[in-house]
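Undergrad: Below is the structure I would like to discuss, written out as structure tokens.
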Amino acid sequence: MSQDLIIIGAGITGLTAAYEAQRRGLRPLVLEASARAGGLIQTDHVDGFTIEAGPDSVLAQKRHALELIRELGLGDEVLDVRPPGGAFVLRGRHLYKLPSPSLLGVPLTWQALAQYDLLPWSARLRMALEPLVPARRSQEDESIGSFFRRRFGAATVDLIAQPLLGGIHAGDIEHLSMRALFPRLLDAERTDGHVLKMQGARAGDPQKQDANDRRGEAGFRSLRHGMGTLVRALEARLLPDAVRYASAAQRLEPAARGWRVRSDDATFEAPAVIVAAPAFVAARLFATIDAEAARLCEEVPYVSTVSVALAWPRTAIAHPLSGTGFVVARRASDVRITACTWVSSKWEHRAPDHVALLRAFIGGAHDPEVVDLEEDELARIARTDLERVLGINAPPVLTRVYRWRRAGAQHNVGQRARMEALDRRLAQHPGLFVAGSGFRSVGIPDCIADARAVVARCTIPAC
Ligand SMILES: Cc1cc2nc3c(=O)[nH]c(=O)nc-3n(C[C@H](O)[C@H](O)[C@H](O)COP(=O)(O)OP(=O)(O)OC[C@H]3O[C@@H](n4cnc5c(N)ncnc54)[C@H](O)[C@@H]3O)c2cc1C
């Protein structure tokens, strides 16, 4: 087969790129290192449970994922988070509900701030003074920790920024980039001089929020049979043999027709190549072509995490589990898990009746070695922590451990500038592109948007 485009990696980025390329009349070839497509997206169906090993949802506000889902004919499969929503933060041995309305732990009404039980009164008062804190003049990137300390006060760093914003990325808030991950908060400071945008009482009106939800504009969405459905739908749209499994790209070099890729089992050429694999893989592939591009990719660190799915009879859990789950304020608690999703409270169709499915997370930037523990030990850590926090008095009826080794790209301070520098280097090599979570994209909707945008660029001169 003669291909117009080689895509390295069949995660959501690579698959979307292939789908988009086909839609534009090109013949893509995807090389995938493992025996399955989807990358971090993996849904297992076991004994009546639907278990997400990796991502469980997409953010509706970032429209590209839902657009693709509908385009693939999966509109009827879209699931909303079950009411009542709402997440908790574990501090000490107590779960504190996040105030409503709030966004990324930042309250949106004075009433919500006043009811922010997680924060001591002195911290609530300091947060209320945020509009009086002078705006920073510098346009330089900044860490999440630095931003929260400066705008909202030191107490919010450990109690809000670390568990909520750092937790999403399993990262270290003293390194994670505001510019790359939460640009809207930075932009609010720059344009308005402050971040808190207290709205009138109606902003917290549940009816108004429901109306937003009905229009599909807010919150998280999943798919009835799990996010794996999206992967299978994309695979089904690709031409036979468009994805070559167990064929890791090992070497990339210039060729007469553009680029040559040597994989585990064969050699391929095409006018264009999109690297949609992790940045450390791109670093290896670029090493012989452009040392500076390789160095920029190598600079993107990755963390390892573990997700542990556990299920109990509903009656064995004392906690009402009314909400979506909790994140852990690491410095203010003594558990090793970093978060827990109450899966069967959050989504329908995930567990048999009268059984609660939970998913605990371990690892990340602050616990790098845990990923190397035996599976039994990982399951024990998750189980013991959940027993203590939620008051569980029986053995689980299901346990599944998923290790994600070197899987979470860390968009640390300077990531945007690093990617701009990488783009400048790659512009010297026509037909060579990168896309996905190691580079510019944060989460599935961004990966989808990035893949489509890169294919649009690479169809013009080279192919
Ligand atoms: C536990 C967890 C939970 C998450 N939850 C969410 C969530 O709820 N919502 C959300 O939007 N995002 C979530 N994310 C992030 C989201 O999963 C990623 O942003 C997204 O899936 C990344 O897709 P990708 O295609 O860029 O990379 P990947 O999924 O990492 O795919 C890269 C692919 O490249 C392949 N590969 C590697 N080396 C080679 C090689 N040499 N040759 C060929 N192929 C190679 C890999 O095998 C893999 O299939 C979560 C991440 C994790 C780890």
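Going by the structure tokens order, chains are called A, B, ..., each with residues numbered from 1, while ligands are numbered from 1 in the order shown.
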Contacts of Thr305 in chain A at 6 Å or less, counting only C-alpha atoms, minus same-chain residues fewer than 3 places along, as a list in words?

TA: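 With the cut-off at 6 Å, the set is Ile362, Gly363, Gly364 and Trp404 of chain A.
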
Undergrad: Write out as JSON lines the residues of chain A that have any atom within 7 Å of an atom of ligand 1, one row each with the nearest atom pair and its distance in Å to one decimal, counting only C-alpha atoms and all ligand atoms, sorted by chain and then rising number.

TA:
```
{"residue": "A:Ile8", "atom": "CA", "partner": "ligand 1", "partner_atom_place_in_ligand_line": "43 (C)", "distance": 4.7}
{"residue": "A:Gly9", "atom": "CA", "partner": "ligand 1", "partner_atom_place_in_ligand_line": "34 (O)", "distance": 3.3}
{"residue": "A:Ala10", "atom": "CA", "partner": "ligand 1", "partner_atom_place_in_ligand_line": "49 (O)", "distance": 4.7}
{"residue": "A:Gly11", "atom": "CA", "partner": "ligand 1", "partner_atom_place_in_ligand_line": "25 (O)", "distance": 3.4}
{"residue": "A:Ile12", "atom": "CA", "partner": "ligand 1", "partner_atom_place_in_ligand_line": "25 (O)", "distance": 4.0}
{"residue": "A:Thr13", "atom": "CA", "partner": "ligand 1", "partner_atom_place_in_ligand_line": "25 (O)", "distance": 3.8}
{"residue": "A:Gly14", "atom": "CA", "partner": "ligand 1", "partner_atom_place_in_ligand_line": "25 (O)", "distance": 5.7}
{"residue": "A:Leu31", "atom": "CA", "partner": "ligand 1", "partner_atom_place_in_ligand_line": "43 (C)", "distance": 4.9}
{"residue": "A:Glu32", "atom": "CA", "partner": "ligand 1", "partner_atom_place_in_ligand_line": "44 (N)", "distance": 3.8}
{"residue": "A:Ala33", "atom": "CA", "partner": "ligand 1", "partner_atom_place_in_ligand_line": "44 (N)", "distance": 4.0}
{"residue": "A:Ser34", "atom": "CA", "partner": "ligand 1", "partner_atom_place_in_ligand_line": "47 (O)", "distance": 5.0}
{"residue": "A:Ala37", "atom": "CA", "partner": "ligand 1", "partner_atom_place_in_ligand_line": "49 (O)", "distance": 5.7}
{"residue": "A:Gly38", "atom": "CA", "partner": "ligand 1", "partner_atom_place_in_ligand_line": "49 (O)", "distance": 5.6}
{"residue": "A:Gly39", "atom": "CA", "partner": "ligand 1", "partner_atom_place_in_ligand_line": "49 (O)", "distance": 3.3}
{"residue": "A:Leu40", "atom": "CA", "partner": "ligand 1", "partner_atom_place_in_ligand_line": "29 (O)", "distance": 3.9}
{"residue": "A:Ile41", "atom": "CA", "partner": "ligand 1", "partner_atom_place_in_ligand_line": "21 (O)", "distance": 5.6}
{"residue": "A:Ala53", "atom": "CA", "partner": "ligand 1", "partner_atom_place_in_ligand_line": "1 (C)", "distance": 6.7}
{"residue": "A:Gly54", "atom": "CA", "partner": "ligand 1", "partner_atom_place_in_ligand_line": "1 (C)", "distance": 4.0}
{"residue": "A:Pro55", "atom": "CA", "partner": "ligand 1", "partner_atom_place_in_ligand_line": "5 (N)", "distance": 3.1}
{"residue": "A:Asp56", "atom": "CA", "partner": "ligand 1", "partner_atom_place_in_ligand_line": "8 (O)", "distance": 4.3}
{"residue": "A:Ser57", "atom": "CA", "partner": "ligand 1", "partner_atom_place_in_ligand_line": "8 (O)", "distance": 4.3}
{"residue": "A:Val58", "atom": "CA", "partner": "ligand 1", "partner_atom_place_in_ligand_line": "11 (O)", "distance": 4.6}
{"residue": "A:Leu59", "atom": "CA", "partner": "ligand 1", "partner_atom_place_in_ligand_line": "11 (O)", "distance": 6.4}
{"residue": "A:Ser247", "atom": "CA", "partner": "ligand 1", "partner_atom_place_in_ligand_line": "43 (C)", "distance": 6.3}
{"residue": "A:Ala248", "atom": "CA", "partner": "ligand 1", "partner_atom_place_in_ligand_line": "42 (N)", "distance": 3.4}
{"residue": "A:Ala249", "atom": "CA", "partner": "ligand 1", "partner_atom_place_in_ligand_line": "42 (N)", "distance": 3.9}
{"residue": "A:Gln250", "atom": "CA", "partner": "ligand 1", "partner_atom_place_in_ligand_line": "41 (N)", "distance": 5.8}
{"residue": "A:Ala276", "atom": "CA", "partner": "ligand 1", "partner_atom_place_in_ligand_line": "26 (O)", "distance": 6.0}
{"residue": "A:Ala277", "atom": "CA", "partner": "ligand 1", "partner_atom_place_in_ligand_line": "34 (O)", "distance": 3.8}
{"residue": "A:Pro278", "atom": "CA", "partner": "ligand 1", "partner_atom_place_in_ligand_line": "32 (C)", "distance": 5.8}
{"residue": "A:Val281", "atom": "CA", "partner": "ligand 1", "partner_atom_place_in_ligand_line": "38 (N)", "distance": 5.7}
{"residue": "A:Thr305", "atom": "CA", "partner": "ligand 1", "partner_atom_place_in_ligand_line": "1 (C)", "distance": 6.7}
{"residue": "A:Ser307", "atom": "CA", "partner": "ligand 1", "partner_atom_place_in_ligand_line": "1 (C)", "distance": 6.3}
{"residue": "A:Trp404", "atom": "CA", "partner": "ligand 1", "partner_atom_place_in_ligand_line": "53 (C)", "distance": 6.2}
{"residue": "A:Ala407", "atom": "CA", "partner": "ligand 1", "partner_atom_place_in_ligand_line": "53 (C)", "distance": 5.7}
{"residue": "A:Gly408", "atom": "CA", "partner": "ligand 1", "partner_atom_place_in_ligand_line": "53 (C)", "distance": 5.4}
{"residue": "A:Ala435", "atom": "CA", "partner": "ligand 1", "partner_atom_place_in_ligand_line": "26 (O)", "distance": 6.9}
{"residue": "A:Gly436", "atom": "CA", "partner": "ligand 1", "partner_atom_place_in_ligand_line": "26 (O)", "distance": 3.6}
{"residue": "A:Ser437", "atom": "CA", "partner": "ligand 1", "partner_atom_place_in_ligand_line": "26 (O)", "distance": 4.0}
{"residue": "A:Gly438", "atom": "CA", "partner": "ligand 1", "partner_atom_place_in_ligand_line": "26 (O)", "distance": 6.5}
{"residue": "A:Ser441", "atom": "CA", "partner": "ligand 1", "partner_atom_place_in_ligand_line": "19 (O)", "distance": 6.8}
{"residue": "A:Val442", "atom": "CA", "partner": "ligand 1", "partner_atom_place_in_ligand_line": "19 (O)", "distance": 5.4}
{"residue": "A:Gly443", "atom": "CA", "partner": "ligand 1", "partner_atom_place_in_ligand_line": "11 (O)", "distance": 3.5}
{"residue": "A:Ile444", "atom": "CA", "partner": "ligand 1", "partner_atom_place_in_ligand_line": "11 (O)", "distance": 3.8}
{"residue": "A:Pro445", "atom": "CA", "partner": "ligand 1", "partner_atom_place_in_ligand_line": "11 (O)", "distance": 6.0}
{"residue": "A:Cys447", "atom": "CA", "partner": "ligand 1", "partner_atom_place_in_ligand_line": "26 (O)", "distance": 5.7}
```

Undergrad: What's around Thr384 in chain A at 12 Å? Count only C-alpha atoms, leave out sequence neighbours fewer than 3 positions away in its own chain, and write the answer as a list in words.

TA: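 The neighbour list is Leu310, Asp334, Val335, Arg336, Ile337, Ala360, Glu377, Leu378, Ala379, Arg380, Ile381, Glu387, Arg388, Val389, Leu390, Gly391, Ile392, Asn393, Ala394, Pro395 and Pro396 of chain A.
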
Undergrad: Could you give me, as an NGL selection string, the residues within 12 Å of Gln139 in chain A, counting only C-alpha atoms and dropping anything in the same chain fewer than 3 positions from it?

TA: :A and (135-136 or 142 or 178-179 or 183 or 186-187 or 189-191 or 414 or 417)

Undergrad: Run DSSP on the backbone and grab whatever in range 243-416 of chain A lands in strand (DSSP E); send it over as a PyMOL selection string.

TA: chain A and resi 243-244+249-255+258-263+267-270+272-275+302-313+325-328+339-341+355-363+398-409

Undergrad: Might you pull out every residue within 8 Å of Tyr19 in chain A, with only C-alpha atoms counted and same-chain residues fewer than 6 positions away left off, and present them as a PDB file with N, CA and C atoms, in the first residue's frame?

TA:
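around.pdb was written with the following content:
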```pdb
ATOM      1  N   LEU A 234     -13.862   5.083  15.703  1.00  0.00           N
ATOM      2  CA  LEU A 234     -12.840   5.640  14.804  1.00  0.00           C
ATOM      3  C   LEU A 234     -12.161   4.522  14.021  1.00  0.00           C
ATOM      4  N   ARG A 237     -14.117   3.352  11.108  1.00  0.00           N
ATOM      5  CA  ARG A 237     -14.197   4.250   9.949  1.00  0.00           C
ATOM      6  C   ARG A 237     -12.943   4.203   9.073  1.00  0.00           C
ATOM      7  N   LEU A 238     -11.854   3.647   9.610  1.00  0.00           N
ATOM      8  CA  LEU A 238     -10.603   3.662   8.838  1.00  0.00           C
ATOM      9  C   LEU A 238     -10.591   2.498   7.843  1.00  0.00           C
TER      10      LEU A 238
END
```

Undergrad: I'd like the neighbourhood of Thr288 in chain A as a list in words, where a residue qualifies if any of its atoms comes within 9 Å (using only C-alpha atoms), though same-chain residues fewer than 6 positions away should be ignored.

TA: Arg251, Leu252, Glu253 and Ala294 of chain A

Undergrad: Run DSSP on the backbone of this structure and report the residues of range 47-262 of chain A it assigns to helix (DSSP H, G or I), as a count of residues only.

TA: 87

Undergrad: What lies within 9 Å of Gln410 in chain A using only C-alpha atoms, ignoring chain neighbours under 3 positions off, as a PyMOL selection string?

TA: chain A and resi 169-172+175-177+300-303+415+438

Undergrad: What does the file look like for those residues with C-alpha atoms, as a JSON list (two decimals), in the first residue's frame?

TA:
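The new file part-v4.json reads:
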```json
[["chain", "number", "residue", "atom", "x", "y", "z"],
["A", 169, "HIS", "CA", -2.67, 16.24, 35.96],
["A", 170, "ALA", "CA", -1.19, 14.10, 38.77],
["A", 171, "GLY", "CA", 1.45, 16.82, 38.83],
["A", 172, "ASP", "CA", 3.39, 19.18, 41.07],
["A", 175, "HIS", "CA", 5.96, 23.26, 38.31],
["A", 176, "LEU", "CA", 2.71, 22.91, 36.33],
["A", 177, "SER", "CA", 2.10, 25.85, 33.98],
["A", 300, "VAL", "CA", 8.56, 17.35, 28.63],
["A", 301, "PRO", "CA", 8.46, 15.24, 31.82],
["A", 302, "TYR", "CA", 6.01, 12.37, 32.32],
["A", 303, "VAL", "CA", 4.51, 10.92, 35.50],
["A", 415, "GLN", "CA", 5.46, 24.49, 27.88],
["A", 438, "GLY", "CA", 2.83, 15.45, 24.93]]
```

Undergrad: Using only C-alpha atoms, find the one residue out of A:Ala188, A:Leu164, A:Ala283, A:Val273 that sits nearest to Arg457 in chain A.

TA: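 With only C-alpha atoms as the atom set, the closest residue is A:Val273.
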
Undergrad: So which one's closest to Phe280 in chain A, A:Val434, A:Ala246, A:Leu357, A:Pro120? Using only C-alpha atoms, please.

TA: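 Answer, going by the shortest atom-to-atom distance: A:Val434.
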
Undergrad: Between CA of Arg418 in chain A and CA of Ala293 in chain A, what is the distance, to one decimal in Å?

TA: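 About the pair CA of Arg418 in chain A and CA of Ala293 in chain A: they are 9.7 Å apart.
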
Undergrad: Nearest to Ala266 in chain A: which of A:Arg244, A:Met127, A:Val89, A:His64 is it, counting only C-alpha atoms?

TA: A:Arg244
